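As provided, protein_15.cif (mmCIF, C-alpha atoms, pLDDT in the B column; chains and numbers go by the auth columns) reads as follows.
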data_final
loop_
_atom_site.group_PDB
_atom_site.id
_atom_site.type_symbol
_atom_site.label_atom_id
_atom_site.label_comp_id
_atom_site.label_asym_id
_atom_site.label_seq_id
_atom_site.Cartn_x
_atom_site.Cartn_y
_atom_site.Cartn_z
_atom_site.B_iso_or_equiv
_atom_site.auth_seq_id
_atom_site.auth_asym_id
ATOM 1 C CA MET A 1 -41.919 11.602 6.689 78.00 1 A
ATOM 2 C CA PHE A 2 -40.577 10.291 9.994 77.00 2 A
ATOM 3 C CA ILE A 3 -39.624 7.009 8.316 83.00 3 A
ATOM 4 C CA LEU A 4 -37.660 8.868 5.638 73.00 4 A
ATOM 5 C CA VAL A 5 -35.727 10.775 8.282 69.00 5 A
ATOM 6 C CA ARG A 6 -34.913 7.532 10.095 71.00 6 A
ATOM 7 C CA LEU A 7 -33.860 5.851 6.847 69.00 7 A
ATOM 8 C CA ALA A 8 -31.641 8.812 5.977 66.00 8 A
ATOM 9 C CA ALA A 9 -30.079 8.716 9.448 62.00 9 A
ATOM 10 C CA ALA A 10 -29.503 4.967 9.189 65.00 10 A
ATOM 11 C CA ALA A 11 -27.903 5.418 5.768 66.00 11 A
ATOM 12 C CA ALA A 12 -25.637 8.174 7.130 64.00 12 A
ATOM 13 C CA VAL A 13 -24.566 5.936 10.037 59.00 13 A
ATOM 14 C CA ALA A 14 -23.896 3.049 7.632 56.00 14 A
ATOM 15 C CA VAL A 15 -21.762 5.266 5.370 58.00 15 A
ATOM 16 C CA ALA A 16 -19.831 6.624 8.361 58.00 16 A
ATOM 17 C CA ALA A 17 -19.269 3.095 9.705 51.00 17 A
ATOM 18 C CA PHE A 18 -18.068 1.894 6.295 56.00 18 A
ATOM 19 C CA ALA A 19 -15.663 4.844 6.045 56.00 19 A
ATOM 20 C CA ALA A 20 -14.332 4.285 9.574 50.00 20 A
ATOM 21 C CA ILE A 21 -13.783 0.559 9.051 53.00 21 A
ATOM 22 C CA THR A 22 -12.099 1.186 5.719 51.00 22 A
ATOM 23 C CA TRP A 23 -9.812 3.828 7.253 51.00 23 A
ATOM 24 C CA TRP A 24 -8.949 1.372 10.042 51.00 24 A
ATOM 25 C CA ALA A 25 -8.215 -1.366 7.507 50.00 25 A
ATOM 26 C CA LEU A 26 -6.020 0.763 5.274 51.00 26 A
ATOM 27 C CA GLU A 27 -4.266 3.143 7.662 58.00 27 A
ATOM 28 C CA TRP A 28 -4.304 1.910 11.258 59.00 28 A
ATOM 29 C CA ASP A 29 -0.912 0.231 11.558 64.00 29 A
ATOM 30 C CA GLY A 30 1.856 -1.258 9.457 78.00 30 A
ATOM 31 C CA VAL A 31 1.625 1.363 6.747 89.00 31 A
ATOM 32 C CA MET A 32 4.618 2.635 4.807 92.00 32 A
ATOM 33 C CA VAL A 33 4.997 5.994 3.101 94.00 33 A
ATOM 34 C CA VAL A 34 6.467 5.784 -0.395 95.00 34 A
ATOM 35 C CA ALA A 35 7.869 9.123 -1.565 96.00 35 A
ATOM 36 C CA SER A 36 8.131 8.999 -5.345 96.00 36 A
ATOM 37 C CA ARG A 37 8.445 11.615 -8.074 94.00 37 A
ATOM 38 C CA ALA A 38 5.375 12.334 -10.174 94.00 38 A
ATOM 39 C CA GLN A 39 5.760 12.906 -13.894 92.00 39 A
ATOM 40 C CA ASP A 40 5.895 16.677 -13.367 93.00 40 A
ATOM 41 C CA GLY A 41 8.714 16.250 -10.814 91.00 41 A
ATOM 42 C CA THR A 42 6.672 16.942 -7.701 94.00 42 A
ATOM 43 C CA LEU A 43 7.013 14.722 -4.671 95.00 43 A
ATOM 44 C CA ARG A 44 4.167 12.235 -4.213 95.00 44 A
ATOM 45 C CA GLU A 45 3.689 10.533 -0.837 94.00 45 A
ATOM 46 C CA THR A 46 1.541 7.427 -0.830 93.00 46 A
ATOM 47 C CA HIS A 47 0.566 5.189 2.069 92.00 47 A
ATOM 48 C CA ILE A 48 0.842 1.519 1.181 92.00 48 A
ATOM 49 C CA TRP A 49 1.093 -1.846 2.873 90.00 49 A
ATOM 50 C CA TYR A 50 4.376 -3.709 3.013 93.00 50 A
ATOM 51 C CA ALA A 51 5.710 -6.986 4.320 92.00 51 A
ATOM 52 C CA GLU A 52 9.091 -8.434 5.111 89.00 52 A
ATOM 53 C CA SER A 53 10.047 -11.947 4.134 88.00 53 A
ATOM 54 C CA GLY A 54 13.462 -12.997 5.306 84.00 54 A
ATOM 55 C CA GLU A 55 15.836 -10.244 4.198 85.00 55 A
ATOM 56 C CA ARG A 56 13.438 -8.972 1.536 91.00 56 A
ATOM 57 C CA LEU A 57 11.059 -6.049 1.703 94.00 57 A
ATOM 58 C CA TRP A 58 7.942 -6.430 -0.456 96.00 58 A
ATOM 59 C CA LEU A 59 5.329 -3.921 -1.535 95.00 59 A
ATOM 60 C CA GLU A 60 2.122 -4.588 -3.404 92.00 60 A
ATOM 61 C CA ALA A 61 0.928 -2.623 -6.393 91.00 61 A
ATOM 62 C CA GLY A 62 -2.730 -3.544 -6.395 83.00 62 A
ATOM 63 C CA LEU A 63 -3.304 -1.950 -9.785 84.00 63 A
ATOM 64 C CA PRO A 64 -0.760 -1.018 -12.436 87.00 64 A
ATOM 65 C CA GLU A 65 -2.636 2.298 -12.785 90.00 65 A
ATOM 66 C CA ASN A 66 -1.785 3.382 -9.225 90.00 66 A
ATOM 67 C CA ALA A 67 -0.003 6.720 -9.404 94.00 67 A
ATOM 68 C CA TRP A 68 2.928 5.730 -7.177 95.00 68 A
ATOM 69 C CA TYR A 69 3.495 2.602 -9.259 96.00 69 A
ATOM 70 C CA GLN A 70 3.486 4.646 -12.468 95.00 70 A
ATOM 71 C CA ASP A 71 6.052 6.969 -10.848 96.00 71 A
ATOM 72 C CA VAL A 72 8.280 3.991 -10.057 95.00 72 A
ATOM 73 C CA GLN A 73 8.116 2.804 -13.653 95.00 73 A
ATOM 74 C CA ARG A 74 9.699 6.121 -14.679 95.00 74 A
ATOM 75 C CA ASP A 75 12.103 6.443 -11.738 95.00 75 A
ATOM 76 C CA PRO A 76 12.537 3.433 -9.422 96.00 76 A
ATOM 77 C CA ARG A 77 14.399 5.368 -6.720 95.00 77 A
ATOM 78 C CA VAL A 78 12.109 6.287 -3.812 96.00 78 A
ATOM 79 C CA THR A 79 12.278 7.095 -0.133 95.00 79 A
ATOM 80 C CA LEU A 80 10.483 4.638 2.124 95.00 80 A
ATOM 81 C CA SER A 81 9.520 5.307 5.713 92.00 81 A
ATOM 82 C CA ALA A 82 7.704 3.186 8.230 90.00 82 A
ATOM 83 C CA GLU A 83 8.137 2.395 11.887 84.00 83 A
ATOM 84 C CA GLY A 84 11.786 1.390 12.263 82.00 84 A
ATOM 85 C CA LEU A 85 12.527 1.811 8.568 84.00 85 A
ATOM 86 C CA PHE A 86 13.708 4.835 6.614 89.00 86 A
ATOM 87 C CA GLY A 87 15.874 5.356 3.585 92.00 87 A
ATOM 88 C CA GLU A 88 16.318 5.419 -0.131 94.00 88 A
ATOM 89 C CA TYR A 89 15.365 2.318 -2.054 95.00 89 A
ATOM 90 C CA GLU A 90 15.084 1.139 -5.597 96.00 90 A
ATOM 91 C CA LEU A 91 11.844 -0.610 -6.425 96.00 91 A
ATOM 92 C CA ALA A 92 11.553 -3.325 -9.035 96.00 92 A
ATOM 93 C CA SER A 93 8.454 -5.118 -10.259 95.00 93 A
ATOM 94 C CA VAL A 94 8.690 -8.871 -10.038 95.00 94 A
ATOM 95 C CA PRO A 95 6.487 -10.206 -12.825 92.00 95 A
ATOM 96 C CA GLY A 96 4.446 -13.358 -12.711 93.00 96 A
ATOM 97 C CA ARG A 97 1.671 -14.962 -10.779 93.00 97 A
ATOM 98 C CA ILE A 98 4.004 -16.773 -8.357 94.00 98 A
ATOM 99 C CA ALA A 99 5.516 -13.507 -7.105 94.00 99 A
ATOM 100 C CA ALA A 100 2.098 -11.819 -6.932 92.00 100 A
ATOM 101 C CA ASP A 101 0.654 -14.754 -4.987 93.00 101 A
ATOM 102 C CA HIS A 102 3.636 -14.650 -2.609 95.00 102 A
ATOM 103 C CA VAL A 103 3.046 -10.957 -1.876 92.00 103 A
ATOM 104 C CA ARG A 104 -0.704 -11.546 -1.463 92.00 104 A
ATOM 105 C CA THR A 105 0.081 -14.311 1.056 93.00 105 A
ATOM 106 C CA LEU A 106 2.432 -12.009 2.971 95.00 106 A
ATOM 107 C CA MET A 107 -0.199 -9.256 3.090 90.00 107 A
ATOM 108 C CA ARG A 108 -2.923 -11.672 4.188 91.00 108 A
ATOM 109 C CA GLU A 109 -0.686 -12.992 6.986 93.00 109 A
ATOM 110 C CA LYS A 110 0.401 -9.554 8.162 92.00 110 A
ATOM 111 C CA TYR A 111 -2.882 -7.646 7.880 91.00 111 A
ATOM 112 C CA GLY A 112 -5.379 -10.467 8.537 87.00 112 A
ATOM 113 C CA LEU A 113 -8.921 -9.182 8.940 80.00 113 A
ATOM 114 C CA ARG A 114 -7.926 -5.821 7.495 80.00 114 A
ATOM 115 C CA ASP A 115 -6.770 -7.546 4.291 83.00 115 A
ATOM 116 C CA ARG A 116 -10.037 -9.465 4.042 83.00 116 A
ATOM 117 C CA TRP A 117 -12.040 -6.243 4.459 77.00 117 A
ATOM 118 C CA VAL A 118 -10.154 -4.462 1.685 76.00 118 A
ATOM 119 C CA LEU A 119 -10.600 -7.437 -0.640 74.00 119 A
ATOM 120 C CA PHE A 120 -14.371 -6.972 -0.414 76.00 120 A
ATOM 121 C CA PHE A 121 -14.052 -3.922 -2.656 76.00 121 A
ATOM 122 C CA VAL A 122 -10.608 -4.258 -4.281 77.00 122 A
ATOM 123 C CA ASP A 123 -9.849 -6.801 -6.995 80.00 123 A
ATOM 124 C CA ALA A 124 -6.437 -8.297 -6.159 81.00 124 A
ATOM 125 C CA SER A 125 -6.220 -10.313 -9.365 86.00 125 A
ATOM 126 C CA ARG A 126 -3.998 -7.629 -10.941 87.00 126 A
ATOM 127 C CA THR A 127 -1.565 -7.397 -8.031 90.00 127 A
ATOM 128 C CA THR A 128 2.077 -6.870 -8.927 92.00 128 A
ATOM 129 C CA ALA A 129 4.840 -7.800 -6.513 94.00 129 A
ATOM 130 C CA VAL A 130 7.354 -5.016 -5.954 96.00 130 A
ATOM 131 C CA LEU A 131 10.729 -5.718 -4.370 96.00 131 A
ATOM 132 C CA ALA A 132 12.473 -2.915 -2.459 95.00 132 A
ATOM 133 C CA THR A 133 16.263 -2.914 -2.380 93.00 133 A
ATOM 134 C CA PRO A 134 18.315 -0.346 -0.439 92.00 134 A
ATOM 135 C CA ALA A 135 19.714 2.150 -2.938 86.00 135 A
ATOM 136 C CA LEU A 136 23.484 2.382 -3.154 66.00 136 A
ATOM 137 C CA PRO A 137 25.055 4.680 -2.407 55.00 137 A
ATOM 138 C CA THR A 138 22.744 6.115 0.174 47.00 138 A
ATOM 139 C CA ASN A 139 23.262 9.041 2.466 47.00 139 A
ATOM 140 C CA ARG A 140 20.640 7.817 4.935 43.00 140 A
ATOM 141 C CA PRO A 141 20.554 4.702 7.070 46.00 141 A
ATOM 142 C CA TRP A 142 18.022 2.193 5.830 41.00 142 A
ATOM 143 C CA GLN A 143 17.153 1.141 9.357 43.00 143 A
ATOM 144 C CA LYS A 144 16.711 3.527 12.270 39.00 144 A
#

Serialized structure, structure tokens:
Amino acid sequence: MFILVRLAAAAAVAVAAFAAITWWALEWDGVMVVASRAQDGTLRETHIWYAESGERLWLEAGLPENAWYQDVQRDPRVTLSAEGLFGEYELASVPGRIAADHVRTLMREKYGLRDRWVLFFVDASRTTAVLATPALPTNRPWQK
């Protein structure tokens, strides 16, 4: 019986450690909030990774089934907010493997070990590159 209790405790610690590391990987720093409109019109806020390359702002839709990505297919105008960045943007999918590989490279460079951790349990082979362009006209500054 004592062994079962110890095994259960070890399993609980392992699950808690996995959850903590995954939270750290996904949410610790460099996360953007995408505010999109769900199909029923309600506001949906989703935390996602982003990267800048030159003058371009890139997002990654890991799966085409992601709710925020489905929202953007219906209405590409969103509000983005991250440290030093806030405003209305229009998002556009950039099809093709070259664009997806470019975004994957940007994410790997920016998030490093965190990116590698997430890739242990997320299949990035269906990644879609998403380009964010400041919406015009906008009533909010796109940079704080």

Requested in this report: List the residues matched by the PyMOL selection byres ((chain A and resi 65-71) around 9) in the displayed structure as a ChimeraX atom specification, ordered by chain and then by residue number.
Outcome: /A:34-39,44-46,61-64,72-76

Query - Residues matched by the PyMOL selection byres ((chain A and resi 93) around 12), written as number ranges by chain - result: A: 58-62, 64, 69-70, 72-73, 76, 90-92, 94-97, 99-100, 103, 127-133

Query raised in the report: For Glu83 in chain A, which of A:Asp123, A:Ser53, A:Met1, A:Val33 is the closest residue, counting only C-alpha atoms?
Result: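 Under the stated criterion, the closest residue is A:Val33.
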
Report task. Please indicate the distance in Å from CA of Phe86 in chain A to CA of Gly54 in chain A, rounded to one decimal place. Result ->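 Interatomic distance, CA of Phe86 in chain A to CA of Gly54 in chain A: 17.9 Å.
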
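Between CA of Ala51 in chain A and CA of Gly30 in chain A the interatomic distance comes to 8.6 Å.
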
Query raised in the report: Do you have the CA of Glu88 in chain A-CA of Met107 in chain A distance handy?
Result: 22.3 Å

Query raised in the report: Which one of A:Arg6, A:Arg56, A:Arg104, A:His47 sits closest to Leu80 in chain A if you count all atoms listed in the file?
Result: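 Looking at the shortest contact to Leu80 in chain A, the residue is A:His47.
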
Report task. Determine the nearest neighbour of Glu52 in chain A from the options A:Met32, A:Leu106, A:Ala124, A:Val78, counting all atoms listed in the file. Result ->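 When distances to Glu52 in chain A are compared using all atoms listed in the file, the smallest one comes from A:Leu106.
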
**Report entry** For Asp115 in chain A, the nearest of the candidates A:Gly41, A:Gly87, A:Tyr50, A:Ile98, counting all atoms listed in the file
**Finding:**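 Checking each of A:Gly41, A:Gly87, A:Tyr50, A:Ile98 against Asp115 in chain A, counting all atoms listed in the file, the winner is A:Tyr50.
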
Could I get range 33-136 of chain A from the block written as a PDB file, in the first residue's frame, with C-alpha atoms?
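Result file follows (part_27.pdb):
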ATOM      1  CA  VAL A  33      -3.326  38.722 -27.111  1.00  0.00           C
ATOM      2  CA  VAL A  34      -5.402  38.460 -30.280  1.00  0.00           C
ATOM      3  CA  ALA A  35      -8.926  39.815 -29.802  1.00  0.00           C
ATOM      4  CA  SER A  36     -11.093  38.383 -32.563  1.00  0.00           C
ATOM      5  CA  ARG A  37     -14.831  37.966 -33.061  1.00  0.00           C
ATOM      6  CA  ALA A  38     -16.274  34.486 -32.673  1.00  0.00           C
ATOM      7  CA  GLN A  39     -18.976  33.318 -35.050  1.00  0.00           C
ATOM      8  CA  ASP A  40     -21.688  34.375 -32.591  1.00  0.00           C
ATOM      9  CA  GLY A  41     -20.179  37.886 -32.390  1.00  0.00           C
ATOM     10  CA  THR A  42     -18.643  37.568 -28.943  1.00  0.00           C
ATOM     11  CA  LEU A  43     -15.123  38.767 -28.312  1.00  0.00           C
ATOM     12  CA  ARG A  44     -12.525  35.990 -28.125  1.00  0.00           C
ATOM     13  CA  GLU A  45      -9.115  36.714 -26.587  1.00  0.00           C
ATOM     14  CA  THR A  46      -6.374  34.240 -27.381  1.00  0.00           C
ATOM     15  CA  HIS A  47      -2.757  34.218 -26.248  1.00  0.00           C
ATOM     16  CA  ILE A  48      -0.389  33.386 -29.082  1.00  0.00           C
ATOM     17  CA  TRP A  49       3.264  33.708 -29.976  1.00  0.00           C
ATOM     18  CA  TYR A  50       4.435  36.311 -32.450  1.00  0.00           C
ATOM     19  CA  ALA A  51       7.660  37.438 -34.051  1.00  0.00           C
ATOM     20  CA  GLU A  52       8.873  40.487 -35.890  1.00  0.00           C
ATOM     21  CA  SER A  53      10.981  40.244 -39.006  1.00  0.00           C
ATOM     22  CA  GLY A  54      12.098  43.564 -40.372  1.00  0.00           C
ATOM     23  CA  GLU A  55       8.960  45.693 -40.632  1.00  0.00           C
ATOM     24  CA  ARG A  56       6.662  42.664 -40.616  1.00  0.00           C
ATOM     25  CA  LEU A  57       4.718  41.190 -37.740  1.00  0.00           C
ATOM     26  CA  TRP A  58       4.122  37.435 -38.000  1.00  0.00           C
ATOM     27  CA  LEU A  59       1.800  35.136 -36.100  1.00  0.00           C
ATOM     28  CA  GLU A  60       1.616  31.374 -36.286  1.00  0.00           C
ATOM     29  CA  ALA A  61      -1.574  29.395 -36.645  1.00  0.00           C
ATOM     30  CA  GLY A  62      -0.399  25.998 -35.502  1.00  0.00           C
ATOM     31  CA  LEU A  63      -3.604  24.321 -36.630  1.00  0.00           C
ATOM     32  CA  PRO A  64      -6.222  25.587 -39.060  1.00  0.00           C
ATOM     33  CA  GLU A  65      -8.846  24.407 -36.538  1.00  0.00           C
ATOM     34  CA  ASN A  66      -7.709  26.905 -33.887  1.00  0.00           C
ATOM     35  CA  ALA A  67     -10.692  29.026 -32.909  1.00  0.00           C
ATOM     36  CA  TRP A  68      -8.940  32.389 -33.304  1.00  0.00           C
ATOM     37  CA  TYR A  69      -7.746  31.396 -36.771  1.00  0.00           C
ATOM     38  CA  GLN A  70     -11.271  30.379 -37.777  1.00  0.00           C
ATOM     39  CA  ASP A  71     -12.477  33.780 -36.517  1.00  0.00           C
ATOM     40  CA  VAL A  72      -9.904  35.527 -38.706  1.00  0.00           C
ATOM     41  CA  GLN A  73     -11.064  33.597 -41.756  1.00  0.00           C
ATOM     42  CA  ARG A  74     -14.507  35.171 -41.275  1.00  0.00           C
ATOM     43  CA  ASP A  75     -13.315  38.626 -40.191  1.00  0.00           C
ATOM     44  CA  PRO A  76      -9.599  39.448 -40.541  1.00  0.00           C
ATOM     45  CA  ARG A  77      -9.769  42.625 -38.446  1.00  0.00           C
ATOM     46  CA  VAL A  78      -8.506  42.042 -34.895  1.00  0.00           C
ATOM     47  CA  THR A  79      -6.996  43.940 -32.009  1.00  0.00           C
ATOM     48  CA  LEU A  80      -3.485  42.876 -31.062  1.00  0.00           C
ATOM     49  CA  SER A  81      -1.781  43.711 -27.798  1.00  0.00           C
ATOM     50  CA  ALA A  82       1.619  42.805 -26.472  1.00  0.00           C
ATOM     51  CA  GLU A  83       4.359  44.625 -24.638  1.00  0.00           C
ATOM     52  CA  GLY A  84       4.941  47.814 -26.628  1.00  0.00           C
ATOM     53  CA  LEU A  85       2.332  46.942 -29.237  1.00  0.00           C
ATOM     54  CA  PHE A  86      -1.378  47.704 -29.372  1.00  0.00           C
ATOM     55  CA  GLY A  87      -3.846  48.395 -32.123  1.00  0.00           C
ATOM     56  CA  GLU A  88      -6.147  47.185 -34.816  1.00  0.00           C
ATOM     57  CA  TYR A  89      -4.696  44.927 -37.465  1.00  0.00           C
ATOM     58  CA  GLU A  90      -5.816  42.920 -40.421  1.00  0.00           C
ATOM     59  CA  LEU A  91      -4.519  39.377 -40.505  1.00  0.00           C
ATOM     60  CA  ALA A  92      -3.862  37.477 -43.703  1.00  0.00           C
ATOM     61  CA  SER A  93      -2.781  33.878 -44.145  1.00  0.00           C
ATOM     62  CA  VAL A  94       0.314  33.476 -46.255  1.00  0.00           C
ATOM     63  CA  PRO A  95      -0.003  30.075 -47.908  1.00  0.00           C
ATOM     64  CA  GLY A  96       2.825  27.733 -48.704  1.00  0.00           C
ATOM     65  CA  ARG A  97       5.582  25.824 -47.041  1.00  0.00           C
ATOM     66  CA  ILE A  98       8.176  28.590 -47.500  1.00  0.00           C
ATOM     67  CA  ALA A  99       6.129  31.081 -45.467  1.00  0.00           C
ATOM     68  CA  ALA A 100       5.299  28.462 -42.819  1.00  0.00           C
ATOM     69  CA  ASP A 101       8.964  27.482 -42.519  1.00  0.00           C
ATOM     70  CA  HIS A 102       9.926  31.161 -42.207  1.00  0.00           C
ATOM     71  CA  VAL A 103       7.485  31.654 -39.321  1.00  0.00           C
ATOM     72  CA  ARG A 104       8.653  28.418 -37.664  1.00  0.00           C
ATOM     73  CA  THR A 105      12.252  29.683 -37.895  1.00  0.00           C
ATOM     74  CA  LEU A 106      11.264  33.019 -36.349  1.00  0.00           C
ATOM     75  CA  MET A 107       9.457  31.270 -33.486  1.00  0.00           C
ATOM     76  CA  ARG A 108      12.363  28.893 -32.879  1.00  0.00           C
ATOM     77  CA  GLU A 109      14.799  31.829 -32.757  1.00  0.00           C
ATOM     78  CA  LYS A 110      12.621  33.944 -30.484  1.00  0.00           C
ATOM     79  CA  TYR A 111      11.330  31.289 -28.080  1.00  0.00           C
ATOM     80  CA  GLY A 112      14.270  28.843 -28.109  1.00  0.00           C
ATOM     81  CA  LEU A 113      13.912  26.140 -25.478  1.00  0.00           C
ATOM     82  CA  ARG A 114      10.257  27.021 -24.989  1.00  0.00           C
ATOM     83  CA  ASP A 115       9.599  26.324 -28.684  1.00  0.00           C
ATOM     84  CA  ARG A 116      11.377  22.977 -28.459  1.00  0.00           C
ATOM     85  CA  TRP A 117       9.297  22.000 -25.413  1.00  0.00           C
ATOM     86  CA  VAL A 118       6.009  22.792 -27.140  1.00  0.00           C
ATOM     87  CA  LEU A 119       7.060  20.830 -30.222  1.00  0.00           C
ATOM     88  CA  PHE A 120       7.280  17.694 -28.077  1.00  0.00           C
ATOM     89  CA  PHE A 121       3.483  17.575 -27.998  1.00  0.00           C
ATOM     90  CA  VAL A 122       2.373  19.841 -30.871  1.00  0.00           C
ATOM     91  CA  ASP A 123       2.705  18.853 -34.521  1.00  0.00           C
ATOM     92  CA  ALA A 124       3.980  21.940 -36.371  1.00  0.00           C
ATOM     93  CA  SER A 125       3.666  20.361 -39.805  1.00  0.00           C
ATOM     94  CA  ARG A 126       0.325  22.139 -40.354  1.00  0.00           C
ATOM     95  CA  THR A 127       1.566  25.590 -39.356  1.00  0.00           C
ATOM     96  CA  THR A 128       0.176  28.508 -41.328  1.00  0.00           C
ATOM     97  CA  ALA A 129       2.010  31.816 -41.484  1.00  0.00           C
ATOM     98  CA  VAL A 130      -0.184  34.797 -40.657  1.00  0.00           C
ATOM     99  CA  LEU A 131       0.904  38.325 -41.527  1.00  0.00           C
ATOM    100  CA  ALA A 132      -0.412  41.219 -39.418  1.00  0.00           C
ATOM    101  CA  THR A 133      -0.825  44.593 -41.097  1.00  0.00           C
ATOM    102  CA  PRO A 134      -1.974  47.726 -39.243  1.00  0.00           C
ATOM    103  CA  ALA A 135      -5.611  48.344 -40.151  1.00  0.00           C
ATOM    104  CA  LEU A 136      -6.380  51.615 -41.890  1.00  0.00           C
TER     105      LEU A 136
END
